[in-house]
file upload.pdb (PDB, C-alpha atoms)
ATOM      1  CA  MET A1297       0.000   0.000   0.000
ATOM      2  CA  LYS A1298       1.285   3.410  -0.932
ATOM      3  CA  ARG A1299      -0.313   6.434   0.708
ATOM      4  CA  ILE A1300      -0.145   9.580  -1.407
ATOM      5  CA  ASN A1301      -0.316  13.049   0.128
ATOM      6  CA  PRO A1302       0.780  15.672  -2.409
ATOM      7  CA  SER A1303       2.560  18.703  -0.951
ATOM      8  CA  SER A1304       0.371  20.877  -3.201
ATOM      9  CA  LEU A1305      -2.718  19.878  -1.145
ATOM     10  CA  ALA A1306      -3.520  20.771   2.453
ATOM     11  CA  ARG A1307      -1.828  18.427   4.922
ATOM     12  CA  PRO A1308      -4.320  15.660   5.762
ATOM     13  CA  SER A1309      -5.246  15.016   9.373
ATOM     14  CA  GLY A1310      -6.625  11.542  10.051
ATOM     15  CA  PHE A1311      -6.811  10.442   6.400
ATOM     16  CA  SER A1312      -4.731  10.079   3.234
ATOM     17  CA  HIS A1313      -5.551  11.903   0.007
ATOM     18  CA  ALA A1314      -5.041   8.733  -2.054
ATOM     19  CA  VAL A1315      -4.034   5.109  -1.510
ATOM     20  CA  VAL A1316      -2.613   2.795  -4.163
ATOM     21  CA  GLY A1317      -2.529  -0.945  -3.625
ATOM     22  CA  SER A1318      -2.004  -4.105  -5.604
ATOM     23  CA  GLY A1319      -3.536  -7.383  -4.589
ATOM     24  CA  THR A1320      -7.028  -8.618  -3.784
ATOM     25  CA  THR A1321      -9.707  -6.011  -3.118
ATOM     26  CA  VAL A1322     -11.991  -6.737  -0.170
ATOM     27  CA  PHE A1323     -15.232  -4.749  -0.115
ATOM     28  CA  LEU A1324     -16.479  -4.211   3.427
ATOM     29  CA  ALA A1325     -20.203  -3.763   4.038
ATOM     30  CA  GLY A1326     -21.428  -0.881   6.141
ATOM     31  CA  GLN A1327     -21.098  -1.559   9.855
ATOM     32  CA  THR A1328     -22.955   0.237  12.628
ATOM     33  CA  GLY A1329     -22.523  -0.003  16.381
ATOM     34  CA  MET A1330     -24.452  -3.288  16.323
ATOM     35  CA  LEU A1331     -23.686  -5.856  18.992
ATOM     36  CA  PRO A1332     -23.840  -9.618  18.291
ATOM     37  CA  ASP A1333     -27.389  -9.753  19.706
ATOM     38  CA  GLY A1334     -28.569  -7.254  17.075
ATOM     39  CA  SER A1335     -28.938  -4.274  19.407
ATOM     40  CA  ILE A1336     -27.095  -0.978  18.978
ATOM     41  CA  VAL A1337     -24.492  -0.204  21.639
ATOM     42  CA  ALA A1338     -25.488   2.524  24.099
ATOM     43  CA  GLY A1339     -23.345   5.542  24.851
ATOM     44  CA  GLY A1340     -23.586   7.865  21.868
ATOM     45  CA  VAL A1341     -21.458   8.540  18.826
ATOM     46  CA  VAL A1342     -18.052   7.606  20.304
ATOM     47  CA  ALA A1343     -19.256   4.240  21.614
ATOM     48  CA  GLN A1344     -21.078   3.532  18.358
ATOM     49  CA  PHE A1345     -18.040   4.551  16.279
ATOM     50  CA  GLU A1346     -15.842   2.206  18.315
ATOM     51  CA  GLN A1347     -18.239  -0.718  17.867
ATOM     52  CA  ALA A1348     -18.747   0.020  14.155
ATOM     53  CA  LEU A1349     -14.982   0.199  13.541
ATOM     54  CA  SER A1350     -14.466  -2.975  15.554
ATOM     55  CA  ASN A1351     -17.132  -4.713  13.446
ATOM     56  CA  LEU A1352     -15.500  -3.475  10.216
ATOM     57  CA  LEU A1353     -12.066  -4.676  11.355
ATOM     58  CA  THR A1354     -13.494  -8.057  12.396
ATOM     59  CA  ALA A1355     -14.904  -8.570   8.893
ATOM     60  CA  LEU A1356     -11.574  -7.468   7.402
ATOM     61  CA  ALA A1357      -9.636  -9.893   9.615
ATOM     62  CA  GLU A1358     -11.912 -12.769   8.563
ATOM     63  CA  ALA A1359     -11.047 -11.901   4.942
ATOM     64  CA  GLY A1360      -7.338 -12.129   5.779
ATOM     65  CA  GLY A1361      -6.616  -8.423   6.148
ATOM     66  CA  SER A1362      -5.491  -6.024   8.838
ATOM     67  CA  PRO A1363      -6.154  -2.322   9.511
ATOM     68  CA  ASP A1364      -3.086  -1.202   7.557
ATOM     69  CA  LYS A1365      -4.651  -2.755   4.437
ATOM     70  CA  LEU A1366      -7.647  -0.391   4.487
ATOM     71  CA  ALA A1367      -7.591   1.661   1.294
ATOM     72  CA  SER A1368     -10.803   3.657   1.781
ATOM     73  CA  VAL A1369     -13.408   4.205   4.503
ATOM     74  CA  THR A1370     -16.635   6.183   4.235
ATOM     75  CA  ILE A1371     -18.289   7.306   7.460
ATOM     76  CA  TYR A1372     -22.024   8.036   7.363
ATOM     77  CA  ILE A1373     -22.971  10.425  10.167
ATOM     78  CA  VAL A1374     -26.481  11.257  11.391
ATOM     79  CA  ASP A1375     -25.495  14.275  13.538
ATOM     80  CA  MET A1376     -22.448  15.982  12.040
ATOM     81  CA  ASP A1377     -22.233  18.579  14.832
ATOM     82  CA  ASP A1378     -22.141  15.854  17.505
ATOM     83  CA  TYR A1379     -19.532  13.936  15.513
ATOM     84  CA  ARG A1380     -17.323  17.027  15.178
ATOM     85  CA  VAL A1381     -17.614  17.830  18.907
ATOM     86  CA  ASN A1382     -16.372  14.292  19.615
ATOM     87  CA  ALA A1383     -13.828  14.153  16.768
ATOM     88  CA  ARG A1384     -10.762  14.091  19.034
ATOM     89  CA  GLU A1385     -12.084  11.126  21.019
ATOM     90  CA  ILE A1386     -13.187   9.379  17.812
ATOM     91  CA  GLY A1387      -9.680   9.918  16.438
ATOM     92  CA  GLN A1388      -8.212   8.297  19.550
ATOM     93  CA  VAL A1389     -10.494   5.285  19.027
ATOM     94  CA  TRP A1390      -9.311   5.047  15.402
ATOM     95  CA  LYS A1391      -5.632   5.157  16.413
ATOM     96  CA  ARG A1392      -6.128   2.553  19.150
ATOM     97  CA  LEU A1393      -7.972   0.088  16.893
ATOM     98  CA  ALA A1394      -6.590   0.813  13.415
ATOM     99  CA  GLY A1395      -3.295   2.645  13.892
ATOM    100  CA  THR A1396      -2.032   5.635  11.938
ATOM    101  CA  ASP A1397      -1.740   4.214   8.411
ATOM    102  CA  TYR A1398      -4.791   6.194   7.367
ATOM    103  CA  PRO A1399      -6.910   5.201   4.372
ATOM    104  CA  ALA A1400      -8.588   7.656   2.052
ATOM    105  CA  MET A1401     -11.666   8.761   4.003
ATOM    106  CA  ALA A1402     -14.903  10.690   3.651
ATOM    107  CA  GLY A1403     -17.547  11.714   6.169
ATOM    108  CA  ILE A1404     -21.069  12.108   4.821
ATOM    109  CA  GLY A1405     -24.025  13.547   6.694
ATOM    110  CA  VAL A1406     -27.242  11.537   6.387
ATOM    111  CA  ASP A1407     -30.758  11.877   7.791
ATOM    112  CA  ARG A1408     -30.824   8.369   9.230
ATOM    113  CA  LEU A1409     -29.358   4.902   8.895
ATOM    114  CA  TRP A1410     -30.998   1.497   8.399
ATOM    115  CA  ASP A1411     -31.082   0.938  12.162
ATOM    116  CA  ALA A1412     -32.957   3.934  13.558
ATOM    117  CA  GLU A1413     -30.865   3.906  16.774
ATOM    118  CA  ALA A1414     -27.576   4.007  14.847
ATOM    119  CA  VAL A1415     -25.852   7.387  14.560
ATOM    120  CA  VAL A1416     -22.764   6.333  12.586
ATOM    121  CA  GLU A1417     -21.925   3.689   9.970
ATOM    122  CA  LEU A1418     -18.559   2.773   8.441
ATOM    123  CA  GLN A1419     -18.102   1.208   5.022
ATOM    124  CA  GLY A1420     -14.867   0.607   3.162
ATOM    125  CA  PHE A1421     -12.543  -1.496   1.136
ATOM    126  CA  ALA A1422      -9.101  -2.940   1.640
ATOM    127  CA  VAL A1423      -6.401  -4.370  -0.584
ATOM    128  CA  ILE A1424      -4.718  -7.489   0.785
ATOM    129  CA  ASP A1425      -1.787  -9.490  -0.577
TER     130      ASP A1425
END

call {"tool": "encode", "arguments": {"input": "upload.pdb", "output": "structure tokens"}}
result
Amino acid sequence: MKRINPSSLARPSGFSHAVVGSGTTVFLAGQTGMLPDGSIVAGGVVAQFEQALSNLLTALAEAGGSPDKLASVTIYIVDMDDYRVNAREIGQVWKRLAGTDYPAMAGIGVDRLWDAEAVVELQGFAVID
């Protein structure tokens, strides 16, 4: 994986501008803060982000990948203001679970997610050897 951050663009914080990989592409379905029993974890956006990222990384691991193989992640956010207020803590969760080899990322505000109690959903793809 090669992470590309051109000096002619603003320095990225918590993402890479582009990622190039060669190998097998693994497409990761959207993951919310859903627990194994089908309920959504309590505790707000940070707790749900942590569970959603954990779920995404679990699926990636089952496919033979690891966090450093993530090429792109899209974050769907129900309350952008709440997400931004908690961005530092969310960033700490990311670093603890996925490290600092950041994929290309986007955050998109949405009205709601499939599970009405969910406030954040992560979807992505990885390139594994």

call {"tool": "residues_around", "arguments": {"input": "upload.pdb", "residues": "Asp1407 in chain A", "least_positions_apart": "5", "cutoff": "9 Å", "atoms": "only C-alpha atoms", "output": "PyMOL selection string"}}
result
chain A and resi 1373-1375

call {"tool": "closest_residue", "arguments": {"input": "upload.pdb", "among": "A:Thr1370, A:Thr1328, A:Ser1304, A:Thr1320", "to": "Trp1410 in chain A", "atoms": "all atoms listed in the file"}}
result
A:Thr1328

call {"tool": "closest_atom_pairs", "arguments": {"input": "upload.pdb", "of": "range 1352-1405 of chain A", "to": "range 1411-1425 of chain A", "cutoff": "10 Å", "atoms": "only C-alpha atoms", "output": "CSV"}}
result
residue,atom,partner,partner_atom,distance
A:Leu1352,CA,A:Leu1418,CA,7.2
A:Leu1356,CA,A:Ala1422,CA,7.7
A:Ala1359,CA,A:Ile1424,CA,8.8
A:Gly1360,CA,A:Ile1424,CA,7.3
A:Gly1361,CA,A:Ile1424,CA,5.8
A:Ser1362,CA,A:Ile1424,CA,8.2
A:Pro1363,CA,A:Ala1422,CA,8.4
A:Asp1364,CA,A:Ala1422,CA,8.6
A:Lys1365,CA,A:Ala1422,CA,5.3
A:Leu1366,CA,A:Ala1422,CA,4.1
A:Ala1367,CA,A:Ala1422,CA,4.9
A:Ser1368,CA,A:Gly1420,CA,5.3
A:Val1369,CA,A:Gly1420,CA,4.1
A:Thr1370,CA,A:Gln1419,CA,5.2
A:Ile1371,CA,A:Leu1418,CA,4.6
A:Tyr1372,CA,A:Glu1417,CA,5.1
A:Ile1373,CA,A:Val1416,CA,4.8
A:Val1374,CA,A:Val1415,CA,5.0
A:Asp1375,CA,A:Val1415,CA,7.0
A:Met1376,CA,A:Val1415,CA,9.6
A:Asp1378,CA,A:Val1415,CA,9.7
A:Tyr1379,CA,A:Val1416,CA,8.8
A:Pro1399,CA,A:Ala1422,CA,8.9
A:Ala1400,CA,A:Gly1420,CA,9.5
A:Met1401,CA,A:Gly1420,CA,8.8
A:Ala1402,CA,A:Leu1418,CA,9.9
A:Gly1403,CA,A:Leu1418,CA,9.3
A:Ile1404,CA,A:Val1416,CA,9.8
A:Gly1405,CA,A:Val1416,CA,9.4

call {"tool": "resolve_selection", "arguments": {"input": "upload.pdb", "expression": "the PyMOL selection byres ((chain A and resi 1387) around 12)", "output": "PyMOL selection string"}}
result
chain A and resi 1309-1311+1342+1345-1346+1349+1379-1386+1388-1396+1398

call {"tool": "axis_aligned_box", "arguments": {"input": "upload.pdb", "around": "range 1357-1370 of chain A", "padding_each_side": "3 Å", "output": "JSON"}}
result
{"center_x": -9.9, "center_y": -3.3, "center_z": 5.5, "size_x": 19.5, "size_y": 25.0, "size_z": 14.3}

call {"tool": "decode", "arguments": {"input": "upload.pdb", "residues": "range 1312-1329 of chain A", "atoms": "N, CA, C and O atoms", "output": "PDB file, in the first residue's frame"}}
result
ATOM      1  N   SER A1312      -5.665   9.888   4.335  1.00  0.00           N
ATOM      2  CA  SER A1312      -4.731  10.079   3.234  1.00  0.00           C
ATOM      3  C   SER A1312      -5.510  10.577   2.029  1.00  0.00           C
ATOM      4  O   SER A1312      -6.668  10.201   1.838  1.00  0.00           O
ATOM      5  N   HIS A1313      -4.864  11.396   1.199  1.00  0.00           N
ATOM      6  CA  HIS A1313      -5.551  11.903   0.007  1.00  0.00           C
ATOM      7  C   HIS A1313      -5.808  10.790  -1.004  1.00  0.00           C
ATOM      8  O   HIS A1313      -6.820  10.783  -1.689  1.00  0.00           O
ATOM      9  N   ALA A1314      -4.876   9.853  -1.122  1.00  0.00           N
ATOM     10  CA  ALA A1314      -5.041   8.733  -2.054  1.00  0.00           C
ATOM     11  C   ALA A1314      -4.260   7.534  -1.521  1.00  0.00           C
ATOM     12  O   ALA A1314      -3.284   7.695  -0.793  1.00  0.00           O
ATOM     13  N   VAL A1315      -4.712   6.347  -1.891  1.00  0.00           N
ATOM     14  CA  VAL A1315      -4.034   5.109  -1.510  1.00  0.00           C
ATOM     15  C   VAL A1315      -3.988   4.221  -2.744  1.00  0.00           C
ATOM     16  O   VAL A1315      -4.999   4.025  -3.415  1.00  0.00           O
ATOM     17  N   VAL A1316      -2.795   3.695  -3.035  1.00  0.00           N
ATOM     18  CA  VAL A1316      -2.613   2.795  -4.163  1.00  0.00           C
ATOM     19  C   VAL A1316      -2.207   1.433  -3.607  1.00  0.00           C
ATOM     20  O   VAL A1316      -1.315   1.337  -2.770  1.00  0.00           O
ATOM     21  N   GLY A1317      -2.864   0.397  -4.075  1.00  0.00           N
ATOM     22  CA  GLY A1317      -2.529  -0.945  -3.625  1.00  0.00           C
ATOM     23  C   GLY A1317      -2.609  -1.930  -4.769  1.00  0.00           C
ATOM     24  O   GLY A1317      -3.258  -1.674  -5.779  1.00  0.00           O
ATOM     25  N   SER A1318      -1.895  -3.026  -4.618  1.00  0.00           N
ATOM     26  CA  SER A1318      -2.004  -4.105  -5.604  1.00  0.00           C
ATOM     27  C   SER A1318      -2.254  -5.384  -4.829  1.00  0.00           C
ATOM     28  O   SER A1318      -1.651  -5.624  -3.798  1.00  0.00           O
ATOM     29  N   GLY A1319      -3.173  -6.157  -5.283  1.00  0.00           N
ATOM     30  CA  GLY A1319      -3.536  -7.383  -4.589  1.00  0.00           C
ATOM     31  C   GLY A1319      -5.016  -7.650  -4.755  1.00  0.00           C
ATOM     32  O   GLY A1319      -5.623  -7.266  -5.751  1.00  0.00           O
ATOM     33  N   THR A1320      -5.611  -8.269  -3.770  1.00  0.00           N
ATOM     34  CA  THR A1320      -7.028  -8.618  -3.784  1.00  0.00           C
ATOM     35  C   THR A1320      -7.826  -7.534  -3.071  1.00  0.00           C
ATOM     36  O   THR A1320      -7.511  -7.167  -1.945  1.00  0.00           O
ATOM     37  N   THR A1321      -8.852  -7.031  -3.725  1.00  0.00           N
ATOM     38  CA  THR A1321      -9.707  -6.011  -3.118  1.00  0.00           C
ATOM     39  C   THR A1321     -10.797  -6.697  -2.297  1.00  0.00           C
ATOM     40  O   THR A1321     -11.468  -7.608  -2.779  1.00  0.00           O
ATOM     41  N   VAL A1322     -10.948  -6.235  -1.062  1.00  0.00           N
ATOM     42  CA  VAL A1322     -11.991  -6.737  -0.170  1.00  0.00           C
ATOM     43  C   VAL A1322     -12.965  -5.583   0.070  1.00  0.00           C
ATOM     44  O   VAL A1322     -12.568  -4.533   0.579  1.00  0.00           O
ATOM     45  N   PHE A1323     -14.208  -5.764  -0.328  1.00  0.00           N
ATOM     46  CA  PHE A1323     -15.232  -4.749  -0.115  1.00  0.00           C
ATOM     47  C   PHE A1323     -15.925  -5.040   1.209  1.00  0.00           C
ATOM     48  O   PHE A1323     -16.412  -6.147   1.435  1.00  0.00           O
ATOM     49  N   LEU A1324     -15.950  -4.042   2.077  1.00  0.00           N
ATOM     50  CA  LEU A1324     -16.479  -4.211   3.427  1.00  0.00           C
ATOM     51  C   LEU A1324     -17.834  -3.520   3.542  1.00  0.00           C
ATOM     52  O   LEU A1324     -17.945  -2.310   3.314  1.00  0.00           O
ATOM     53  N   ALA A1325     -18.846  -4.286   3.891  1.00  0.00           N
ATOM     54  CA  ALA A1325     -20.203  -3.763   4.038  1.00  0.00           C
ATOM     55  C   ALA A1325     -20.258  -2.750   5.169  1.00  0.00           C
ATOM     56  O   ALA A1325     -19.437  -2.764   6.094  1.00  0.00           O
ATOM     57  N   GLY A1326     -21.231  -1.864   5.088  1.00  0.00           N
ATOM     58  CA  GLY A1326     -21.428  -0.881   6.141  1.00  0.00           C
ATOM     59  C   GLY A1326     -21.654  -1.551   7.485  1.00  0.00           C
ATOM     60  O   GLY A1326     -22.414  -2.516   7.584  1.00  0.00           O
ATOM     61  N   GLN A1327     -20.982  -1.035   8.497  1.00  0.00           N
ATOM     62  CA  GLN A1327     -21.098  -1.559   9.855  1.00  0.00           C
ATOM     63  C   GLN A1327     -21.510  -0.433  10.789  1.00  0.00           C
ATOM     64  O   GLN A1327     -20.938   0.654  10.761  1.00  0.00           O
ATOM     65  N   THR A1328     -22.515  -0.700  11.604  1.00  0.00           N
ATOM     66  CA  THR A1328     -22.955   0.237  12.628  1.00  0.00           C
ATOM     67  C   THR A1328     -22.435  -0.239  13.975  1.00  0.00           C
ATOM     68  O   THR A1328     -21.671  -1.197  14.053  1.00  0.00           O
ATOM     69  N   GLY A1329     -22.892   0.393  15.028  1.00  0.00           N
ATOM     70  CA  GLY A1329     -22.523  -0.003  16.381  1.00  0.00           C
ATOM     71  C   GLY A1329     -23.343  -1.181  16.867  1.00  0.00           C
ATOM     72  O   GLY A1329     -23.732  -1.236  18.035  1.00  0.00           O
TER      73      GLY A1329
END
